[in-house]
$ cat structure-v8.pdb   # PDB, C-alpha atoms, pLDDT in the B column
ATOM      1  CA  MET A 227      52.852 143.363 141.257  1.00 93.00           C
ATOM      2  CA  LEU A 228      53.651 144.158 137.646  1.00 95.00           C
ATOM      3  CA  PHE A 229      53.515 141.824 134.639  1.00 96.00           C
ATOM      4  CA  ARG A 230      55.533 141.896 131.457  1.00 96.00           C
ATOM      5  CA  ASP A 231      53.368 139.217 129.863  1.00 95.00           C
ATOM      6  CA  GLU A 232      49.983 138.619 131.485  1.00 94.00           C
ATOM      7  CA  GLU A 233      49.066 135.730 129.197  1.00 94.00           C
ATOM      8  CA  GLN A 234      52.251 133.866 130.120  1.00 95.00           C
ATOM      9  CA  ALA A 235      51.682 134.682 133.799  1.00 96.00           C
ATOM     10  CA  SER A 236      48.239 133.113 133.544  1.00 95.00           C
ATOM     11  CA  HIS A 237      49.858 129.968 132.124  1.00 95.00           C
ATOM     12  CA  PHE A 238      52.291 129.761 135.050  1.00 96.00           C
ATOM     13  CA  LEU A 239      49.513 130.233 137.602  1.00 95.00           C
ATOM     14  CA  ARG A 240      47.507 127.411 136.050  1.00 95.00           C
ATOM     15  CA  ASN A 241      50.472 125.071 136.598  1.00 96.00           C
ATOM     16  CA  ILE A 242      52.160 126.482 139.726  1.00 95.00           C
ATOM     17  CA  SER A 243      49.867 127.379 142.590  1.00 94.00           C
ATOM     18  CA  TYR A 244      49.623 130.952 143.811  1.00 92.00           C
ATOM     19  CA  TYR A 245      50.409 129.900 147.366  1.00 92.00           C
ATOM     20  CA  ARG A 246      53.529 127.990 146.280  1.00 93.00           C
ATOM     21  CA  LEU A 247      54.866 131.058 144.479  1.00 94.00           C
ATOM     22  CA  LYS A 248      54.063 133.259 147.454  1.00 92.00           C
ATOM     23  CA  GLY A 249      57.175 132.036 149.270  1.00 91.00           C
ATOM     24  CA  TYR A 250      59.339 133.455 146.499  1.00 95.00           C
ATOM     25  CA  TRP A 251      57.929 136.989 146.638  1.00 94.00           C
ATOM     26  CA  TRP A 252      57.613 137.317 150.416  1.00 92.00           C
ATOM     27  CA  ASP A 253      60.602 139.654 150.764  1.00 91.00           C
ATOM     28  CA  MET A 254      59.479 141.689 147.737  1.00 94.00           C
ATOM     29  CA  GLN A 255      56.620 143.154 149.762  1.00 94.00           C
ATOM     30  CA  GLN A 256      56.898 146.627 151.151  1.00 91.00           C
ATOM     31  CA  ASP A 257      54.233 145.943 153.779  1.00 85.00           C
ATOM     32  CA  ARG A 258      53.686 142.283 154.623  1.00 81.00           C
ATOM     33  CA  SER A 259      50.502 142.893 156.589  1.00 83.00           C
ATOM     34  CA  SER A 260      48.720 144.610 153.693  1.00 86.00           C
ATOM     35  CA  HIS A 261      50.749 142.712 151.053  1.00 87.00           C
ATOM     36  CA  VAL A 262      51.722 145.873 149.208  1.00 92.00           C
ATOM     37  CA  PHE A 263      54.691 145.274 146.915  1.00 94.00           C
ATOM     38  CA  LYS A 264      57.798 147.381 146.566  1.00 94.00           C
ATOM     39  CA  PRO A 265      58.082 149.463 143.372  1.00 94.00           C
ATOM     40  CA  ASN A 266      59.014 147.656 140.147  1.00 95.00           C
ATOM     41  CA  VAL A 267      58.337 144.112 141.350  1.00 96.00           C
ATOM     42  CA  TYR A 268      57.585 141.927 138.345  1.00 97.00           C
ATOM     43  CA  PHE A 269      55.932 138.525 138.301  1.00 97.00           C
ATOM     44  CA  GLU A 270      58.643 137.324 135.904  1.00 97.00           C
ATOM     45  CA  ASP A 271      61.286 138.020 138.582  1.00 96.00           C
ATOM     46  CA  VAL A 272      59.391 135.689 140.922  1.00 97.00           C
ATOM     47  CA  ILE A 273      59.413 132.987 138.247  1.00 97.00           C
ATOM     48  CA  GLU A 274      63.174 133.428 137.851  1.00 97.00           C
ATOM     49  CA  ARG A 275      63.589 132.818 141.574  1.00 96.00           C
ATOM     50  CA  TYR A 276      61.333 129.791 141.367  1.00 97.00           C
ATOM     51  CA  ASN A 277      63.352 128.303 138.501  1.00 97.00           C
ATOM     52  CA  PHE A 278      66.633 129.060 140.262  1.00 97.00           C
ATOM     53  CA  ASP A 279      65.398 127.182 143.327  1.00 97.00           C
ATOM     54  CA  ARG A 280      64.273 124.240 141.187  1.00 96.00           C
ATOM     55  CA  HIS A 281      67.686 123.993 139.505  1.00 97.00           C
ATOM     56  CA  LEU A 282      69.444 124.329 142.861  1.00 97.00           C
ATOM     57  CA  ARG A 283      67.454 121.411 144.281  1.00 97.00           C
ATOM     58  CA  LEU A 284      68.380 119.239 141.287  1.00 96.00           C
ATOM     59  CA  ILE A 285      72.083 120.008 141.709  1.00 96.00           C
ATOM     60  CA  LEU A 286      71.989 119.297 145.438  1.00 96.00           C
ATOM     61  CA  PHE A 287      70.070 116.063 144.963  1.00 95.00           C
ATOM     62  CA  ASP A 288      72.882 114.839 142.729  1.00 94.00           C
ATOM     63  CA  ALA A 289      75.420 115.750 145.420  1.00 95.00           C
ATOM     64  CA  ILE A 290      73.365 114.011 148.122  1.00 96.00           C
ATOM     65  CA  GLU A 291      73.271 110.831 146.033  1.00 95.00           C
ATOM     66  CA  ARG A 292      77.072 110.764 145.908  1.00 94.00           C
ATOM     67  CA  ILE A 293      77.380 111.336 149.653  1.00 96.00           C
ATOM     68  CA  GLU A 294      74.723 108.726 150.441  1.00 96.00           C
ATOM     69  CA  ILE A 295      76.355 106.025 148.298  1.00 95.00           C
ATOM     70  CA  ALA A 296      79.800 106.716 149.784  1.00 96.00           C
ATOM     71  CA  LEU A 297      78.435 106.612 153.343  1.00 97.00           C
ATOM     72  CA  ARG A 298      76.529 103.383 152.715  1.00 97.00           C
ATOM     73  CA  THR A 299      79.598 101.753 151.176  1.00 96.00           C
ATOM     74  CA  LYS A 300      81.910 102.696 154.039  1.00 97.00           C
ATOM     75  CA  MET A 301      79.438 101.540 156.675  1.00 97.00           C
ATOM     76  CA  ILE A 302      78.967  98.185 154.947  1.00 98.00           C
ATOM     77  CA  TYR A 303      82.698  97.581 154.442  1.00 97.00           C
ATOM     78  CA  CYS A 304      84.000  98.744 157.812  1.00 97.00           C
ATOM     79  CA  LEU A 305      81.348  97.141 159.997  1.00 98.00           C
ATOM     80  CA  SER A 306      80.915  93.888 158.041  1.00 98.00           C
ATOM     81  CA  ILE A 307      84.644  93.158 158.076  1.00 97.00           C
ATOM     82  CA  SER A 308      84.818  93.672 161.847  1.00 97.00           C
ATOM     83  CA  TYR A 309      81.459  92.332 163.041  1.00 98.00           C
ATOM     84  CA  GLY A 310      80.011  90.100 160.355  1.00 97.00           C
ATOM     85  CA  ALA A 311      77.413  90.333 157.620  1.00 97.00           C
ATOM     86  CA  THR A 312      74.469  91.118 159.933  1.00 98.00           C
ATOM     87  CA  TRP A 313      76.193  93.629 162.215  1.00 98.00           C
ATOM     88  CA  TYR A 314      73.167  95.922 162.050  1.00 98.00           C
ATOM     89  CA  LEU A 315      71.275  93.410 164.249  1.00 98.00           C
ATOM     90  CA  ASN A 316      73.953  93.339 166.954  1.00 98.00           C
ATOM     91  CA  SER A 317      72.573  95.564 169.703  1.00 97.00           C
ATOM     92  CA  ASP A 318      75.951  95.526 171.503  1.00 97.00           C
ATOM     93  CA  LEU A 319      77.325  97.809 168.793  1.00 98.00           C
ATOM     94  CA  PHE A 320      74.852 100.577 169.560  1.00 98.00           C
ATOM     95  CA  ASN A 321      74.380 103.123 172.335  1.00 97.00           C
ATOM     96  CA  ASP A 322      70.613 103.334 172.701  1.00 97.00           C
ATOM     97  CA  GLN A 323      68.859  99.969 172.607  1.00 96.00           C
ATOM     98  CA  ASN A 324      65.404 101.461 172.079  1.00 97.00           C
ATOM     99  CA  LYS A 325      66.589 103.532 169.136  1.00 97.00           C
ATOM    100  CA  HIS A 326      68.408 100.524 167.748  1.00 98.00           C
ATOM    101  CA  SER A 327      65.221  98.471 167.871  1.00 97.00           C
ATOM    102  CA  GLU A 328      63.293 101.274 166.141  1.00 97.00           C
ATOM    103  CA  ASN A 329      65.979 101.642 163.469  1.00 97.00           C
ATOM    104  CA  VAL A 330      66.049  97.910 162.760  1.00 98.00           C
ATOM    105  CA  SER A 331      62.251  97.828 162.476  1.00 97.00           C
ATOM    106  CA  HIS A 332      62.291 100.762 160.067  1.00 96.00           C
ATOM    107  CA  LEU A 333      65.089  99.165 158.029  1.00 97.00           C
ATOM    108  CA  GLN A 334      63.158  95.889 157.860  1.00 96.00           C
ATOM    109  CA  ARG A 335      60.079  97.746 156.577  1.00 95.00           C
ATOM    110  CA  GLU A 336      62.174  99.356 153.857  1.00 95.00           C
ATOM    111  CA  PHE A 337      63.453  95.879 152.971  1.00 95.00           C
ATOM    112  CA  ASP A 338      59.939  94.386 152.938  1.00 94.00           C
ATOM    113  CA  TYR A 339      58.568  97.171 150.713  1.00 94.00           C
ATOM    114  CA  SER A 340      61.459  97.028 148.241  1.00 94.00           C
ATOM    115  CA  GLN A 341      60.805  95.683 144.762  1.00 92.00           C
ATOM    116  CA  GLU A 342      64.482  95.458 143.836  1.00 94.00           C
ATOM    117  CA  VAL A 343      65.339  92.280 141.954  1.00 95.00           C
ATOM    118  CA  PHE A 344      68.119  91.297 144.361  1.00 94.00           C
ATOM    119  CA  ILE A 345      65.754  91.714 147.335  1.00 95.00           C
ATOM    120  CA  ARG A 346      63.078  89.512 145.749  1.00 93.00           C
ATOM    121  CA  ASP A 347      65.795  86.981 144.911  1.00 95.00           C
ATOM    122  CA  HIS A 348      66.938  86.916 148.555  1.00 95.00           C
ATOM    123  CA  LYS A 349      63.390  86.345 149.785  1.00 93.00           C
ATOM    124  CA  ILE A 350      62.947  83.408 147.375  1.00 95.00           C
ATOM    125  CA  LYS A 351      66.324  81.747 147.980  1.00 95.00           C
ATOM    126  CA  HIS A 352      66.658  82.514 151.703  1.00 95.00           C
ATOM    127  CA  PRO A 353      63.165  82.790 153.220  1.00 92.00           C
ATOM    128  CA  ASN A 354      62.992  83.820 156.873  1.00 90.00           C
ATOM    129  CA  THR A 355      66.717  84.561 156.828  1.00 94.00           C
ATOM    130  CA  ASP A 356      68.194  87.919 157.824  1.00 95.00           C
ATOM    131  CA  ALA A 357      69.697  89.684 154.846  1.00 96.00           C
ATOM    132  CA  GLU A 358      73.380  90.550 154.810  1.00 97.00           C
ATOM    133  CA  SER A 359      74.100  94.223 155.390  1.00 97.00           C
ATOM    134  CA  TRP A 360      75.290  94.750 151.814  1.00 96.00           C
ATOM    135  CA  LYS A 361      71.816  93.734 150.651  1.00 96.00           C
ATOM    136  CA  ILE A 362      69.538  95.372 153.188  1.00 97.00           C
ATOM    137  CA  MET A 363      71.521  98.609 153.455  1.00 97.00           C
ATOM    138  CA  GLU A 364      71.200  99.103 149.698  1.00 95.00           C
ATOM    139  CA  VAL A 365      67.511  99.870 150.183  1.00 95.00           C
ATOM    140  CA  ALA A 366      67.979 101.949 153.348  1.00 96.00           C
ATOM    141  CA  SER A 367      67.133 105.635 153.056  1.00 94.00           C
ATOM    142  CA  MET A 368      69.778 108.181 153.927  1.00 95.00           C
ATOM    143  CA  GLY A 369      67.782 109.041 157.026  1.00 96.00           C
ATOM    144  CA  THR A 370      68.025 105.421 158.179  1.00 97.00           C
ATOM    145  CA  LEU A 371      71.755 105.287 157.436  1.00 97.00           C
ATOM    146  CA  SER A 372      72.271 108.497 159.403  1.00 97.00           C
ATOM    147  CA  LYS A 373      70.385 107.117 162.406  1.00 98.00           C
ATOM    148  CA  PHE A 374      72.338 103.846 162.406  1.00 98.00           C
ATOM    149  CA  TYR A 375      75.620 105.740 162.215  1.00 98.00           C
ATOM    150  CA  LYS A 376      74.757 108.193 164.978  1.00 98.00           C
ATOM    151  CA  ASN A 377      73.679 105.398 167.334  1.00 98.00           C
ATOM    152  CA  LEU A 378      76.882 103.358 166.896  1.00 98.00           C
ATOM    153  CA  ASN A 379      78.928 103.125 170.089  1.00 97.00           C
ATOM    154  CA  HIS A 380      81.319 106.044 170.193  1.00 96.00           C
ATOM    155  CA  GLN A 381      84.128 103.722 171.271  1.00 95.00           C
ATOM    156  CA  LEU A 382      83.963 101.651 168.098  1.00 97.00           C
ATOM    157  CA  PRO A 383      87.087 102.360 166.019  1.00 97.00           C
ATOM    158  CA  GLU A 384      85.001 101.738 162.897  1.00 97.00           C
ATOM    159  CA  LYS A 385      82.844 104.763 163.697  1.00 98.00           C
ATOM    160  CA  SER A 386      85.874 107.023 163.554  1.00 96.00           C
ATOM    161  CA  LEU A 387      87.171 105.151 160.514  1.00 97.00           C
ATOM    162  CA  ILE A 388      83.952 105.877 158.621  1.00 97.00           C
ATOM    163  CA  ALA A 389      84.141 109.565 159.571  1.00 97.00           C
ATOM    164  CA  LYS A 390      87.752 109.763 158.381  1.00 96.00           C
ATOM    165  CA  GLY A 391      86.748 108.082 155.143  1.00 95.00           C
ATOM    166  CA  MET A 392      84.288 110.928 154.627  1.00 96.00           C
ATOM    167  CA  GLY A 393      86.962 113.542 155.352  1.00 95.00           C
ATOM    168  CA  LEU A 394      86.138 114.352 158.984  1.00 96.00           C
ATOM    169  CA  ASN A 395      88.175 113.573 162.079  1.00 94.00           C
ATOM    170  CA  LEU A 396      85.366 113.289 164.644  1.00 96.00           C
ATOM    171  CA  HIS A 397      82.277 111.080 164.450  1.00 96.00           C
ATOM    172  CA  ASN A 398      80.046 113.740 166.029  1.00 96.00           C
ATOM    173  CA  GLU A 399      80.952 116.096 163.168  1.00 97.00           C
ATOM    174  CA  LEU A 400      79.829 113.549 160.587  1.00 98.00           C
ATOM    175  CA  SER A 401      76.626 112.832 162.541  1.00 97.00           C
ATOM    176  CA  SER A 402      75.813 116.537 162.627  1.00 97.00           C
ATOM    177  CA  TRP A 403      76.485 116.960 158.911  1.00 98.00           C
ATOM    178  CA  LEU A 404      74.444 113.888 157.981  1.00 98.00           C
ATOM    179  CA  GLU A 405      71.426 115.066 159.974  1.00 98.00           C
ATOM    180  CA  ALA A 406      71.554 118.445 158.227  1.00 97.00           C
ATOM    181  CA  ILE A 407      71.902 116.817 154.800  1.00 98.00           C
ATOM    182  CA  VAL A 408      68.977 114.469 155.492  1.00 97.00           C
ATOM    183  CA  TYR A 409      66.932 117.549 156.392  1.00 97.00           C
ATOM    184  CA  VAL A 410      67.800 119.153 153.042  1.00 97.00           C
ATOM    185  CA  ARG A 411      67.104 115.884 151.235  1.00 97.00           C
ATOM    186  CA  ASN A 412      63.597 115.811 152.690  1.00 96.00           C
ATOM    187  CA  ILE A 413      62.992 119.384 151.526  1.00 96.00           C
ATOM    188  CA  ILE A 414      64.120 118.427 148.030  1.00 96.00           C
ATOM    189  CA  ALA A 415      62.096 115.192 147.994  1.00 94.00           C
ATOM    190  CA  HIS A 416      58.934 117.185 148.732  1.00 94.00           C
ATOM    191  CA  HIS A 417      59.832 119.809 146.094  1.00 93.00           C
ATOM    192  CA  SER A 418      59.717 122.484 148.797  1.00 94.00           C
ATOM    193  CA  ARG A 419      61.360 125.889 148.672  1.00 95.00           C
ATOM    194  CA  LEU A 420      65.034 125.754 149.608  1.00 95.00           C
ATOM    195  CA  TRP A 421      66.187 129.162 148.410  1.00 89.00           C
ATOM    196  CA  SER A 422      66.319 131.732 151.255  1.00 90.00           C
ATOM    197  CA  ARG A 423      64.953 129.228 153.778  1.00 93.00           C
ATOM    198  CA  ASN A 424      66.048 129.287 157.422  1.00 95.00           C
ATOM    199  CA  MET A 425      67.564 125.880 158.157  1.00 96.00           C
ATOM    200  CA  VAL A 426      66.106 124.042 161.140  1.00 94.00           C
ATOM    201  CA  LYS A 427      69.031 121.595 161.125  1.00 94.00           C
ATOM    202  CA  ARG A 428      72.478 123.162 160.907  1.00 95.00           C
ATOM    203  CA  PRO A 429      75.779 121.261 160.627  1.00 96.00           C
ATOM    204  CA  VAL A 430      78.591 122.109 163.039  1.00 95.00           C
ATOM    205  CA  ASP A 431      80.832 124.638 161.358  1.00 94.00           C
ATOM    206  CA  ASN A 432      83.894 124.478 163.621  1.00 93.00           C
ATOM    207  CA  ILE A 433      85.447 121.165 162.550  1.00 94.00           C
ATOM    208  CA  ASN A 434      88.668 119.623 163.843  1.00 92.00           C
ATOM    209  CA  ASN A 435      91.677 119.770 161.475  1.00 92.00           C
ATOM    210  CA  PRO A 436      89.783 119.664 158.159  1.00 92.00           C
ATOM    211  CA  VAL A 437      91.503 117.686 155.431  1.00 90.00           C
ATOM    212  CA  GLY A 438      90.014 119.909 152.742  1.00 87.00           C
ATOM    213  CA  LEU A 439      89.205 123.565 152.256  1.00 90.00           C
ATOM    214  CA  TRP A 440      87.023 124.897 155.070  1.00 94.00           C
ATOM    215  CA  PHE A 441      86.215 128.141 156.881  1.00 93.00           C
ATOM    216  CA  ASP A 442      88.375 129.748 159.562  1.00 87.00           C
ATOM    217  CA  ASN A 443      85.531 130.245 162.050  1.00 79.00           C
ATOM    218  CA  ASN A 444      84.527 133.493 160.376  1.00 83.00           C
ATOM    219  CA  LEU A 445      81.071 132.604 159.125  1.00 91.00           C
ATOM    220  CA  GLN A 446      78.349 135.189 159.590  1.00 93.00           C
ATOM    221  CA  LEU A 447      75.108 134.230 161.303  1.00 93.00           C
ATOM    222  CA  VAL A 448      73.107 134.572 158.101  1.00 94.00           C
ATOM    223  CA  GLN A 449      75.471 132.098 156.387  1.00 94.00           C
ATOM    224  CA  LYS A 450      74.769 129.572 159.140  1.00 94.00           C
ATOM    225  CA  LYS A 451      71.007 130.123 159.124  1.00 95.00           C
ATOM    226  CA  LYS A 452      70.510 129.889 155.377  1.00 95.00           C
ATOM    227  CA  PRO A 453      71.386 126.932 153.073  1.00 96.00           C
ATOM    228  CA  PHE A 454      74.949 128.254 152.563  1.00 96.00           C
ATOM    229  CA  LEU A 455      76.546 126.260 155.395  1.00 96.00           C
ATOM    230  CA  ILE A 456      74.833 122.971 154.559  1.00 97.00           C
ATOM    231  CA  ILE A 457      75.704 123.360 150.873  1.00 96.00           C
ATOM    232  CA  SER A 458      79.325 124.075 151.859  1.00 96.00           C
ATOM    233  CA  SER A 459      79.464 120.888 153.940  1.00 96.00           C
ATOM    234  CA  MET A 460      78.072 118.914 150.997  1.00 96.00           C
ATOM    235  CA  ILE A 461      80.760 120.324 148.699  1.00 95.00           C
ATOM    236  CA  TYR A 462      83.407 119.368 151.270  1.00 96.00           C
ATOM    237  CA  LEU A 463      82.155 115.764 151.428  1.00 96.00           C
ATOM    238  CA  CYS A 464      81.801 115.482 147.646  1.00 94.00           C
ATOM    239  CA  ASN A 465      85.379 116.653 147.212  1.00 93.00           C
ATOM    240  CA  LYS A 466      86.477 113.884 149.542  1.00 91.00           C
ATOM    241  CA  VAL A 467      84.548 111.062 147.854  1.00 88.00           C
ATOM    242  CA  ARG A 468      84.923 112.295 144.279  1.00 77.00           C
ATOM    243  CA  LEU A 469      87.462 109.584 143.313  1.00 52.00           C
ATOM    244  CA  ILE A 470      84.853 106.834 143.588  1.00 45.00           C
ATOM    245  CA  ILE A 471      82.214 108.554 141.447  1.00 39.00           C
ATOM    246  CA  ARG A 472      84.050 109.672 138.313  1.00 42.00           C
TER
END

$ encode --input "structure-v8.pdb" --output "structure tokens"
Amino acid sequence: MLFRDEEQASHFLRNISYYRLKGYWWDMQQDRSSHVFKPNVYFEDVIERYNFDRHLRLILFDAIERIEIALRTKMIYCLSISYGATWYLNSDLFNDQNKHSENVSHLQREFDYSQEVFIRDHKIKHPNTDAESWKIMEVASMGTLSKFYKNLNHQLPEKSLIAKGMGLNLHNELSSWLEAIVYVRNIIAHHSRLWSRNMVKRPVDNINNPVGLWFDNNLQLVQKKKPFLIISSMIYLCNKVRLIIR
């Protein structure tokens, strides 16, 4: 590997570990077994990739926040109006009772750990009383929201209503997209490499009658494997919920 400024490179390596940077130069190697680099590979090019990935994660985290808030809002409104303030405790609304019990336990732990003022206020004013969904869901992680949504009975009209509110016509499409977005969120939360990564979770790409701009089933395999497809689904959802976040 070549260096344009060895002193600056030393500074970077004191603050960004060698092994962390290794993921950004992996494809720059001519021989990965002997770790011989291709001609004209510069350390500064690796740093540019690293910074690009860091900026990409920041942009996507902002998009995920918008999607998460919109999803939480629609779940609270639709399900509370139909089934009451503590609908999340009603096991009849969910497919898998074991998963429902696990999800409720996880949600309760998030509630117990929260230091939000409105949560502390609820505990003081209403001890040993189940919190309304608009309180407890405010401290639920996106992963928890995704699990609650996926486990809702498929026959519930509210499940389809929530999906339509997010711009999708089928609840299984939204479930697939949410799982993929949660996967990306976890990568971002751990400051892990996103650029060029093969996605373990991939959203369905063939969606039914999209209400916004979408692909005509002509995506290449590499577009599905890499972050491109998940990022595209996030853009689609953000375009749908943009009116509530201006």

$ resolve_selection --input "structure-v8.pdb" --expression "the PyMOL selection byres ((chain A and resi 337) around 12)" --output "PDB file with C-alpha atoms, in the frame of the given file"
ATOM      1  CA  VAL A 330      66.049  97.910 162.760  1.00 98.00           C
ATOM      2  CA  SER A 331      62.251  97.828 162.476  1.00 97.00           C
ATOM      3  CA  HIS A 332      62.291 100.762 160.067  1.00 96.00           C
ATOM      4  CA  LEU A 333      65.089  99.165 158.029  1.00 97.00           C
ATOM      5  CA  GLN A 334      63.158  95.889 157.860  1.00 96.00           C
ATOM      6  CA  ARG A 335      60.079  97.746 156.577  1.00 95.00           C
ATOM      7  CA  GLU A 336      62.174  99.356 153.857  1.00 95.00           C
ATOM      8  CA  ASP A 338      59.939  94.386 152.938  1.00 94.00           C
ATOM      9  CA  TYR A 339      58.568  97.171 150.713  1.00 94.00           C
ATOM     10  CA  SER A 340      61.459  97.028 148.241  1.00 94.00           C
ATOM     11  CA  GLN A 341      60.805  95.683 144.762  1.00 92.00           C
ATOM     12  CA  GLU A 342      64.482  95.458 143.836  1.00 94.00           C
ATOM     13  CA  VAL A 343      65.339  92.280 141.954  1.00 95.00           C
ATOM     14  CA  PHE A 344      68.119  91.297 144.361  1.00 94.00           C
ATOM     15  CA  ILE A 345      65.754  91.714 147.335  1.00 95.00           C
ATOM     16  CA  ARG A 346      63.078  89.512 145.749  1.00 93.00           C
ATOM     17  CA  HIS A 348      66.938  86.916 148.555  1.00 95.00           C
ATOM     18  CA  LYS A 349      63.390  86.345 149.785  1.00 93.00           C
ATOM     19  CA  ASP A 356      68.194  87.919 157.824  1.00 95.00           C
ATOM     20  CA  ALA A 357      69.697  89.684 154.846  1.00 96.00           C
ATOM     21  CA  GLU A 358      73.380  90.550 154.810  1.00 97.00           C
ATOM     22  CA  SER A 359      74.100  94.223 155.390  1.00 97.00           C
ATOM     23  CA  TRP A 360      75.290  94.750 151.814  1.00 96.00           C
ATOM     24  CA  LYS A 361      71.816  93.734 150.651  1.00 96.00           C
ATOM     25  CA  ILE A 362      69.538  95.372 153.188  1.00 97.00           C
ATOM     26  CA  MET A 363      71.521  98.609 153.455  1.00 97.00           C
ATOM     27  CA  GLU A 364      71.200  99.103 149.698  1.00 95.00           C
ATOM     28  CA  VAL A 365      67.511  99.870 150.183  1.00 95.00           C
ATOM     29  CA  ALA A 366      67.979 101.949 153.348  1.00 96.00           C
ATOM     30  CA  SER A 367      67.133 105.635 153.056  1.00 94.00           C
ATOM     31  CA  THR A 370      68.025 105.421 158.179  1.00 97.00           C
TER      32      THR A 370
END

$ resolve_selection --input "structure-v8.pdb" --expression "the PyMOL selection byres ((chain A and resi 422) around 12)" --output "PyMOL selection string"
chain A and resi 249-253+275-276+278-279+282+418-421+423-425+448-454

$ resolve_selection --input "structure-v8.pdb" --expression "the PyMOL selection byres ((chain A and resi 230-232) around 12)" --output "ChimeraX atom specification"
/A:227-229,233-239,266-273

$ closest_residue --input "structure-v8.pdb" --among "A:Leu382, A:Ile414, A:Ile433, A:Leu305" --to "Ile290 of chain A" --atoms "all atoms listed in the file"
A:Ile414

$ closest_residue --input "structure-v8.pdb" --among "A:Leu378, A:Leu394, A:Ala389, A:Leu455" --to "Phe320 of chain A" --atoms "all atoms listed in the file"
A:Leu378

$ atom_distance --input "structure-v8.pdb" --atom1 "atom CA of Asn434 of chain A" --atom2 "atom CA of Gln381 of chain A"
18.1 Å

$ atom_distance --input "structure-v8.pdb" --atom1 "atom CA of Leu445 of chain A" --atom2 "atom CA of Ala406 of chain A"
17.1 Å

$ closest_residue --input "structure-v8.pdb" --among "A:His380, A:Lys427, A:Lys385, A:Lys351" --to "Leu297 of chain A" --atoms "all atoms listed in the file"
A:Lys385

$ atom_distance --input "structure-v8.pdb" --atom1 "atom CA of His416 of chain A" --atom2 "atom CA of Ile293 of chain A"
19.4 Å

$ closest_residue --input "structure-v8.pdb" --among "A:Arg411, A:His352, A:His326, A:His281" --to "Gly369 of chain A" --atoms "all atoms listed in the file"
A:Arg411

$ residues_around --input "structure-v8.pdb" --residues "Ser401 of chain A" --least-positions-apart "6" --cutoff "9 Å" --atoms "all atoms listed in the file" --output "list in words"
Ser372, Lys373, Tyr375, Lys376, Ala389 and Pro429 of chain A

$ closest_residue --input "structure-v8.pdb" --among "A:Met254, A:Ile457, A:Met392, A:Leu400" --to "Gly438 of chain A" --atoms "only C-alpha atoms"
A:Met392

$ closest_residue --input "structure-v8.pdb" --among "A:Lys325, A:Lys390, A:Arg468, A:His417" --to "Phe374 of chain A" --atoms "only C-alpha atoms"
A:Lys325

$ build_atoms --input "structure-v8.pdb" --residues "segment 309-321 of chain A" --atoms "N, CA and C atoms" --output "PDB file, in the coordinates of the input"
ATOM      1  N   TYR A 309      82.509  92.923 162.203  1.00 98.00           N
ATOM      2  CA  TYR A 309      81.459  92.332 163.041  1.00 98.00           C
ATOM      3  C   TYR A 309      80.516  91.383 162.304  1.00 98.00           C
ATOM      4  N   GLY A 310      80.823  91.074 161.074  1.00 97.00           N
ATOM      5  CA  GLY A 310      80.011  90.100 160.355  1.00 97.00           C
ATOM      6  C   GLY A 310      78.945  90.730 159.474  1.00 97.00           C
ATOM      7  N   ALA A 311      78.324  89.873 158.661  1.00 97.00           N
ATOM      8  CA  ALA A 311      77.413  90.333 157.620  1.00 97.00           C
ATOM      9  C   ALA A 311      76.145  90.989 158.167  1.00 97.00           C
ATOM     10  N   THR A 312      75.713  90.569 159.364  1.00 98.00           N
ATOM     11  CA  THR A 312      74.469  91.118 159.933  1.00 98.00           C
ATOM     12  C   THR A 312      74.762  91.975 161.168  1.00 98.00           C
ATOM     13  N   TRP A 313      75.806  92.767 161.099  1.00 98.00           N
ATOM     14  CA  TRP A 313      76.193  93.629 162.215  1.00 98.00           C
ATOM     15  C   TRP A 313      75.073  94.563 162.651  1.00 98.00           C
ATOM     16  N   TYR A 314      74.220  94.950 161.734  1.00 98.00           N
ATOM     17  CA  TYR A 314      73.167  95.922 162.050  1.00 98.00           C
ATOM     18  C   TYR A 314      72.172  95.377 163.077  1.00 98.00           C
ATOM     19  N   LEU A 315      72.160  94.037 163.265  1.00 98.00           N
ATOM     20  CA  LEU A 315      71.275  93.410 164.249  1.00 98.00           C
ATOM     21  C   LEU A 315      71.923  93.282 165.624  1.00 98.00           C
ATOM     22  N   ASN A 316      73.205  93.518 165.705  1.00 98.00           N
ATOM     23  CA  ASN A 316      73.953  93.339 166.954  1.00 98.00           C
ATOM     24  C   ASN A 316      73.762  94.561 167.852  1.00 98.00           C
ATOM     25  N   SER A 317      72.899  94.429 168.833  1.00 97.00           N
ATOM     26  CA  SER A 317      72.573  95.564 169.703  1.00 97.00           C
ATOM     27  C   SER A 317      73.766  96.027 170.537  1.00 97.00           C
ATOM     28  N   ASP A 318      74.774  95.146 170.716  1.00 97.00           N
ATOM     29  CA  ASP A 318      75.951  95.526 171.503  1.00 97.00           C
ATOM     30  C   ASP A 318      76.776  96.615 170.811  1.00 97.00           C
ATOM     31  N   LEU A 319      76.555  96.807 169.532  1.00 98.00           N
ATOM     32  CA  LEU A 319      77.325  97.809 168.793  1.00 98.00           C
ATOM     33  C   LEU A 319      76.726  99.205 168.893  1.00 98.00           C
ATOM     34  N   PHE A 320      75.572  99.321 169.579  1.00 98.00           N
ATOM     35  CA  PHE A 320      74.852 100.577 169.560  1.00 98.00           C
ATOM     36  C   PHE A 320      74.628 101.135 170.966  1.00 98.00           C
ATOM     37  N   ASN A 321      74.523 102.434 171.043  1.00 97.00           N
ATOM     38  CA  ASN A 321      74.380 103.123 172.335  1.00 97.00           C
ATOM     39  C   ASN A 321      72.997 102.948 172.947  1.00 97.00           C
TER      40      ASN A 321
END
